[in-house]
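S.K.: I'd like to ask some things about the structure below.
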Amino acid sequence: MTKPRVRFAPSPTGALHIGGVRTALYNYLFARQKGGTFILRIEDTDQGRYVPGAEDYIIESLRWVGLLPDEGVGFGGSDGPYRQSDRKEIYKKYAHELVQRGHAYYAFDTPVELEALRQATENFTYNHLTRNDLANSLMLGDAESQRRVAAGDPFVIRLKVEPGQSIHIQDLIRGDVVFESSELDDKVLLKTDGMPTYHLANIVDDHLMRITHVIRGEEWLPSTAHHVLLYRGFGWEATMPKFSHLPLIMKPVGNGKLSKRDGAKFGIPVFPLGWKGETEEESFGGFREAGFLPEAVVNFLALLGWHPGGDQDVFSMEELIQLFSIEHIGKSGARFDYEKAKSFNQKYIHAKDDAALATLVRPLAEAKGYQVSDEFLSKAISLMKERVTFLTDFVEMGYYLFEPVRNYDEETLQKRWNSDVAAVFAELTEKVATFDLFKAAELEDAVKTFIQEKGIKPGDILPLLRIALVGTMKGPAVFETAEVLGKAETLARLKAMIDHKKE
RNA sequence: GGUCCGUUCGUCUAGGGGUUAGGACACGUCCCUUUCACGGAUGAAACACGGGUUCGAUUCCCGUACGGACUACCA
């Protein structure tokens, strides 16, 4: 078997949906495993929906999750251009060629006329039943059609679907899928503006770029019959790619597939990266901004609709490449489970070493104005690591490692603080001031000895120590926190606590 | 409405003609810890339904129900 060539072909109509990232991932895994080629093609044939910046967004997203194309927009390659708007003339040529071959025709019906027909006729379809009554070259004849085309009349080119044939698609995921050509409409291939529709551009490009496998979302399954007809019409059936239609990613709750709006609706990221729209409403954060590690996102996405079998569920990119197989892709829609995504993130953060995490957390800390040494950051990370879910938690949940306690857990204070305790606390603070070796273990020994000498229970004083240091009853071990904070800061916080209670 | 696709714990899924139907997330309980988490243990939790085929079906076939996608000069 020759090396496979696959493509990821998003449309730059805005931020790349997380489902798109999964499609890219599966294509990438397949290509990598087989030593094939992964191509990025930009399908920007709809001028009306083109969004500036979307293309860069797509590329940056792929970079972030580590799915670098071998060829494509921004990555070079010898089968370019890889942006469909730069290939307009190619499609035009092939569209006309298909007319010559008798598999397509000119149609002069205006969108307004067609809309009127749809209003007037229930389930109106432009097909073998209706095309003979409409303004196209099949009815008008070649001479008149040529005259109108030459005269500059607006026209589209439509696929001429011959009725009466069964079109079989051997989908690698779904098996044999059959469509009756009589049920198919005469799809527009070339629009009035001279741009191709998806159907034409896709087939022409996949053929010209020698694509061997088309791995795309299930929403394309219904139009695949048209695509097969196009391959046949052009005489390219022998090299037609194999199709695999992926199950869709569904909303976290409710019905239907995950949509861009669900992000705002459920307060969860549905895009890899943040997006700056024209307005606040059109702007949103992505998985990256939420504090996800790209490898966690990849792992989560890989398992949304695919599993190699067995009980393993944490996979590195290398393992995914090794284990991936189209046969193991599921057939039914996979619900987007954000809790699961979070749990993967947590696992990956735990598994990552402190130094690597520090590199990622440093920008977050600096954005908050925290100036810290590598050594300190590393210690802070090691302290917090096991209780964070997101990278951002290090500087948000664990803010107290970088700045003074903002507020105290007054409820607990109310219960535990009294004049007796206050005296002990003050004494303890003085004792702490005498420690030179500020290490967690020694500190703990000393404090516990002190507690014993005083004849009080650890529970009387430890919680207060904790609140003094971090403000809350949640968080890392007290003595380790003290060590990371250092002697000066620890003392300052103990005194601040005393001052706080004096008020 | 039409066409096509699908259906194993709440969710992601493993499995496959004879299994105590497995794992993960989430949830409950317990242990660890005088915090929170992590970790460990444990519990509850599924083969949509109805017919076939078969000695036997969750697994194969057919229907039904339900879900989904598509049905644009959008991709």
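Just remember, in the structure tokens the first chain shown is A, the second B, etc., residues are 1-based per chain, and ligands are 1-based in the order shown.
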Show me, as a tab-separated table, the residues of chain B having an atom within 9 Å of chain A, each with the closest atom pair and its distance in Å, using only C-alpha atoms (C1' of nucleotides).

M.R.:
residue	atom	partner	partner_atom	distance
B:G1	C1'	A:Asn123	CA	7.7
B:G2	C1'	A:Asn123	CA	8.1
B:U3	C1'	A:Glu183	CA	7.1
B:C4	C1'	A:Pro222	CA	5.8
B:C5	C1'	A:Glu218	CA	8.0
B:G6	C1'	A:Ser332	CA	5.2
B:U7	C1'	A:Ser332	CA	7.6
B:U11	C1'	A:Asp337	CA	6.4
B:C12	C1'	A:Leu304	CA	6.5
B:U13	C1'	A:His307	CA	7.2
B:A14	C1'	A:Gly310	CA	5.6
B:G15	C1'	A:Gly309	CA	8.6
B:G22	C1'	A:Asp311	CA	7.7
B:G23	C1'	A:Asp311	CA	4.7
B:A24	C1'	A:Asp313	CA	6.6
B:C25	C1'	A:Lys340	CA	4.9
B:A26	C1'	A:Glu339	CA	7.2
B:U34	C1'	A:Gly459	CA	5.3
B:U35	C1'	A:Met473	CA	4.8
B:C36	C1'	A:Lys474	CA	3.9
B:A37	C1'	A:Arg387	CA	4.5
B:C38	C1'	A:Glu386	CA	5.5
B:G67	C1'	A:Asn255	CA	8.2
B:G68	C1'	A:Gly256	CA	6.9
B:A69	C1'	A:Glu219	CA	5.2
B:C70	C1'	A:Pro222	CA	5.6
B:U71	C1'	A:Pro222	CA	9.0
B:C73	C1'	A:Lys191	CA	4.7
B:C74	C1'	A:Asp46	CA	7.1
B:A75	C1'	A:Ser11	CA	6.4

S.K.: So which residues touch His17 of chain A within 12 Å, counting only C-alpha atoms (C1' of nucleotides), skipping near sequence neighbours fewer than 5 positions away, as a ChimeraX atom specification?

M.R.: /A:10-12,22-24,54,57-58,61-62,248-249,257-263,269-275,286-287,301

S.K.: Give me a file of those residues, with C-alpha atoms, as a CSV table (one decimal), in the first residue's frame.

M.R.:
chain,number,residue,atom,x,y,z
A,10,PRO,CA,-11.6,23.4,7.9
A,11,SER,CA,-13.6,26.4,6.8
A,12,PRO,CA,-12.3,29.8,8.2
A,22,ARG,CA,-10.8,15.9,16.9
A,23,THR,CA,-11.2,15.4,13.2
A,24,ALA,CA,-7.7,16.9,12.7
A,54,ALA,CA,-9.8,32.4,11.4
A,57,TYR,CA,-6.5,30.7,14.6
A,58,ILE,CA,-6.8,27.3,13.0
A,61,SER,CA,-4.8,25.7,17.4
A,62,LEU,CA,-3.1,22.9,15.5
A,248,LEU,CA,-20.6,13.7,16.0
A,249,ILE,CA,-19.8,15.3,19.3
A,257,LYS,CA,-24.6,18.2,18.3
A,258,LEU,CA,-22.3,20.4,20.2
A,259,SER,CA,-22.4,23.9,18.9
A,260,LYS,CA,-20.4,27.0,19.2
A,261,ARG,CA,-23.0,28.6,21.4
A,262,ASP,CA,-22.9,25.8,23.9
A,263,GLY,CA,-19.6,27.2,25.3
A,269,PRO,CA,-14.7,25.8,26.6
A,270,VAL,CA,-15.7,24.4,23.2
A,271,PHE,CA,-12.7,25.8,21.4
A,272,PRO,CA,-9.1,25.0,21.7
A,273,LEU,CA,-8.0,28.7,22.1
A,274,GLY,CA,-9.6,31.9,23.0
A,275,TRP,CA,-11.1,34.1,20.4
A,286,GLY,CA,-10.7,28.2,24.9
A,287,PHE,CA,-9.2,25.2,26.6
A,301,LEU,CA,-10.6,14.2,22.4

S.K.: Taking only C-alpha atoms into account, name the residue in A:Gly486, A:Pro154, A:Gly72, A:Pro404 that is nearest to Gln84 of chain A.

M.R.: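 For Gln84 of chain A, the nearest of the candidates is A:Gly72.
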
S.K.: So how many Å separate atom CA of Asp206 of chain A and atom CA of Leu323 of chain A, to one decimal?

M.R.: 26.1 Å

S.K.: Among segment 250-350 of chain A, which residues does DSSP mark as strand (DSSP E or B) when it is run on the backbone? Keep the chain and numbering as in the structure and answer as a VMD selection string.

M.R.: chain A and resid 250 257 275 284 306 329 334 to 335

S.K.: Just to be explicit: take each residue in the selection above, keep N, CA and C atoms, and write the result as a PDB file, in the first residue's frame.

M.R.:
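Saved the output as out28.pdb:
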ATOM      1  N   MET A 250     -21.690  15.486  20.774  1.00  0.00           N
ATOM      2  CA  MET A 250     -22.989  16.016  21.183  1.00  0.00           C
ATOM      3  C   MET A 250     -22.903  16.976  22.374  1.00  0.00           C
ATOM      4  N   LYS A 257     -26.064  18.145  18.304  1.00  0.00           N
ATOM      5  CA  LYS A 257     -24.609  18.177  18.319  1.00  0.00           C
ATOM      6  C   LYS A 257     -24.098  19.441  19.001  1.00  0.00           C
ATOM      7  N   TRP A 275     -10.852  33.346  21.604  1.00  0.00           N
ATOM      8  CA  TRP A 275     -11.145  34.059  20.359  1.00  0.00           C
ATOM      9  C   TRP A 275     -11.584  35.470  20.698  1.00  0.00           C
ATOM     10  N   PHE A 284     -14.536  34.665  23.517  1.00  0.00           N
ATOM     11  CA  PHE A 284     -14.631  33.599  24.517  1.00  0.00           C
ATOM     12  C   PHE A 284     -13.269  32.976  24.721  1.00  0.00           C
ATOM     13  N   TRP A 306     -13.540   7.046  20.008  1.00  0.00           N
ATOM     14  CA  TRP A 306     -12.572   6.012  19.623  1.00  0.00           C
ATOM     15  C   TRP A 306     -11.997   5.387  20.874  1.00  0.00           C
ATOM     16  N   ILE A 329     -13.105   3.130  15.650  1.00  0.00           N
ATOM     17  CA  ILE A 329     -13.887   4.350  15.851  1.00  0.00           C
ATOM     18  C   ILE A 329     -15.346   3.936  16.033  1.00  0.00           C
ATOM     19  N   ALA A 334     -20.923  11.018  20.451  1.00  0.00           N
ATOM     20  CA  ALA A 334     -20.309  11.011  21.777  1.00  0.00           C
ATOM     21  C   ALA A 334     -20.618  12.317  22.485  1.00  0.00           C
ATOM     22  N   ARG A 335     -21.205  12.196  23.655  1.00  0.00           N
ATOM     23  CA  ARG A 335     -21.539  13.394  24.408  1.00  0.00           C
ATOM     24  C   ARG A 335     -20.292  14.037  24.992  1.00  0.00           C
TER      25      ARG A 335
END

S.K.: What gap, in Å, lies between atom CA of Glu444 of chain A and atom CA of Phe479 of chain A?

M.R.: 6.1 Å

S.K.: Could you name the residues that touch G63 of chain B at 12 Å or less, counting only C-alpha atoms (C1' of nucleotides), but leaving out those on the same chain fewer than 5 positions away, as a list in words?

M.R.: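 Skipping anything fewer than 5 positions along the chain leaves C49, G50, G51 and G52 of chain B.
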
S.K.: Please produce a file of those selected residues containing all heavy atoms, as a short mmCIF file (atom, residue, chain, number, x, y, z; two decimals), in the first residue's frame.

M.R.:
data_model
loop_
_atom_site.label_atom_id
_atom_site.label_comp_id
_atom_site.auth_asym_id
_atom_site.auth_seq_id
_atom_site.Cartn_x
_atom_site.Cartn_y
_atom_site.Cartn_z
P C B 49 -34.53 -3.76 26.55
OP1 C B 49 -34.74 -4.28 27.91
OP2 C B 49 -33.51 -4.38 25.67
"O5'" C B 49 -35.92 -3.79 25.78
"C5'" C B 49 -37.05 -3.13 26.35
"C4'" C B 49 -38.17 -3.09 25.33
"O4'" C B 49 -37.76 -2.24 24.22
"C3'" C B 49 -38.46 -4.43 24.67
"O3'" C B 49 -39.34 -5.21 25.46
"C2'" C B 49 -39.11 -4.00 23.36
"O2'" C B 49 -40.45 -3.62 23.54
"C1'" C B 49 -38.28 -2.77 23.01
N1 C B 49 -37.16 -3.09 22.11
C2 C B 49 -37.42 -3.27 20.75
O2 C B 49 -38.60 -3.18 20.35
N3 C B 49 -36.40 -3.55 19.90
C4 C B 49 -35.15 -3.64 20.37
N4 C B 49 -34.18 -3.91 19.50
C5 C B 49 -34.85 -3.47 21.76
C6 C B 49 -35.87 -3.20 22.59
P G B 50 -39.30 -6.81 25.30
OP1 G B 50 -40.24 -7.35 26.32
OP2 G B 50 -37.91 -7.28 25.27
"O5'" G B 50 -39.93 -7.03 23.87
"C5'" G B 50 -41.30 -6.71 23.64
"C4'" G B 50 -41.65 -7.05 22.23
"O4'" G B 50 -40.97 -6.13 21.33
"C3'" G B 50 -41.18 -8.41 21.77
"O3'" G B 50 -42.04 -9.44 22.20
"C2'" G B 50 -41.19 -8.24 20.25
"O2'" G B 50 -42.48 -8.34 19.72
"C1'" G B 50 -40.66 -6.80 20.12
N9 G B 50 -39.23 -6.78 19.91
C8 G B 50 -38.24 -6.59 20.85
N7 G B 50 -37.03 -6.63 20.33
C5 G B 50 -37.25 -6.85 18.97
C6 G B 50 -36.32 -6.98 17.91
O6 G B 50 -35.08 -6.91 17.94
N1 G B 50 -36.96 -7.20 16.70
C2 G B 50 -38.32 -7.28 16.54
N2 G B 50 -38.74 -7.51 15.28
N3 G B 50 -39.20 -7.15 17.51
C4 G B 50 -38.59 -6.94 18.70
P G B 51 -41.64 -10.99 21.96
OP1 G B 51 -42.47 -11.81 22.84
OP2 G B 51 -40.16 -11.10 22.03
"O5'" G B 51 -42.10 -11.20 20.46
"C5'" G B 51 -41.62 -12.32 19.74
"C4'" G B 51 -41.56 -12.00 18.27
"O4'" G B 51 -40.96 -10.69 18.07
"C3'" G B 51 -40.67 -12.95 17.51
"O3'" G B 51 -41.37 -14.14 17.20
"C2'" G B 51 -40.27 -12.13 16.30
"O2'" G B 51 -41.27 -12.10 15.33
"C1'" G B 51 -40.09 -10.75 16.95
N9 G B 51 -38.71 -10.54 17.41
C8 G B 51 -38.29 -10.31 18.70
N7 G B 51 -37.00 -10.17 18.81
C5 G B 51 -36.53 -10.32 17.52
C6 G B 51 -35.21 -10.27 17.00
O6 G B 51 -34.16 -10.06 17.62
N1 G B 51 -35.18 -10.49 15.63
C2 G B 51 -36.29 -10.71 14.84
N2 G B 51 -36.05 -10.89 13.55
N3 G B 51 -37.52 -10.75 15.31
C4 G B 51 -37.58 -10.55 16.64
P G B 52 -40.86 -15.50 17.84
OP1 G B 52 -41.54 -16.62 17.17
OP2 G B 52 -40.90 -15.37 19.30
"O5'" G B 52 -39.34 -15.48 17.39
"C5'" G B 52 -38.85 -16.51 16.58
"C4'" G B 52 -38.57 -16.01 15.18
"O4'" G B 52 -38.31 -14.58 15.21
"C3'" G B 52 -37.34 -16.67 14.61
"O3'" G B 52 -37.75 -17.78 13.81
"C2'" G B 52 -36.66 -15.57 13.81
"O2'" G B 52 -37.12 -15.49 12.50
"C1'" G B 52 -37.05 -14.31 14.61
N9 G B 52 -36.11 -13.97 15.68
C8 G B 52 -36.42 -13.78 16.99
N7 G B 52 -35.39 -13.47 17.73
C5 G B 52 -34.33 -13.46 16.84
C6 G B 52 -32.96 -13.20 17.06
O6 G B 52 -32.40 -12.91 18.13
N1 G B 52 -32.21 -13.30 15.90
C2 G B 52 -32.73 -13.61 14.67
N2 G B 52 -31.86 -13.66 13.66
N3 G B 52 -34.01 -13.86 14.44
C4 G B 52 -34.74 -13.76 15.57
#

S.K.: When distances are computed from only C-alpha atoms (C1' of nucleotides), which of B:C31, B:A41, B:A72, B:G17 shows the smallest separation from C55 of chain B?

M.R.: B:G17

S.K.: Quick one: residues within 12 Å of Asp353 of chain A, only C-alpha atoms (C1' of nucleotides) counted, chain neighbours fewer than 2 positions away excluded, as a ChimeraX atom specification?

M.R.: /A:348-351,355-360,378-379,381-382,385-386

S.K.: Would you work out the distance separating atom CA of Ala496 of chain A from atom CA of Glu411 of chain A, expressed in Å to one decimal?

M.R.: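 So the answer is 17.7 Å.
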
S.K.: When you count only C-alpha atoms, which of these residues is closest to Lys92 of chain A: A:Lys501, A:Leu200, A:Glu282, A:His128?

M.R.: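 Using only C-alpha atoms, Lys92 of chain A sits closest to A:Leu200.
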
S.K.: If you run DSSP on the backbone, which residues of segment 285-321 of chain A are alpha helix (DSSP H), as a list in words?

M.R.: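 Residues of segment 285-321 of chain A classed as alpha helix (DSSP H): Phe287, Arg288, Glu289, Ala290, Pro294, Glu295, Ala296, Val297, Val298, Asn299, Phe300, Leu301, Ala302, Met317, Glu318, Glu319, Leu320 and Ile321 of chain A.
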
S.K.: Give me, as a list in words, all polymer residues having an atom no more than 10 Å from A46 of chain B, counting only C-alpha atoms (C1' of nucleotides) and skipping those fewer than 2 positions away in the same chain.

M.R.: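 Residues near the query, excluding close chain neighbours: U8, C9 and A21 of chain B.
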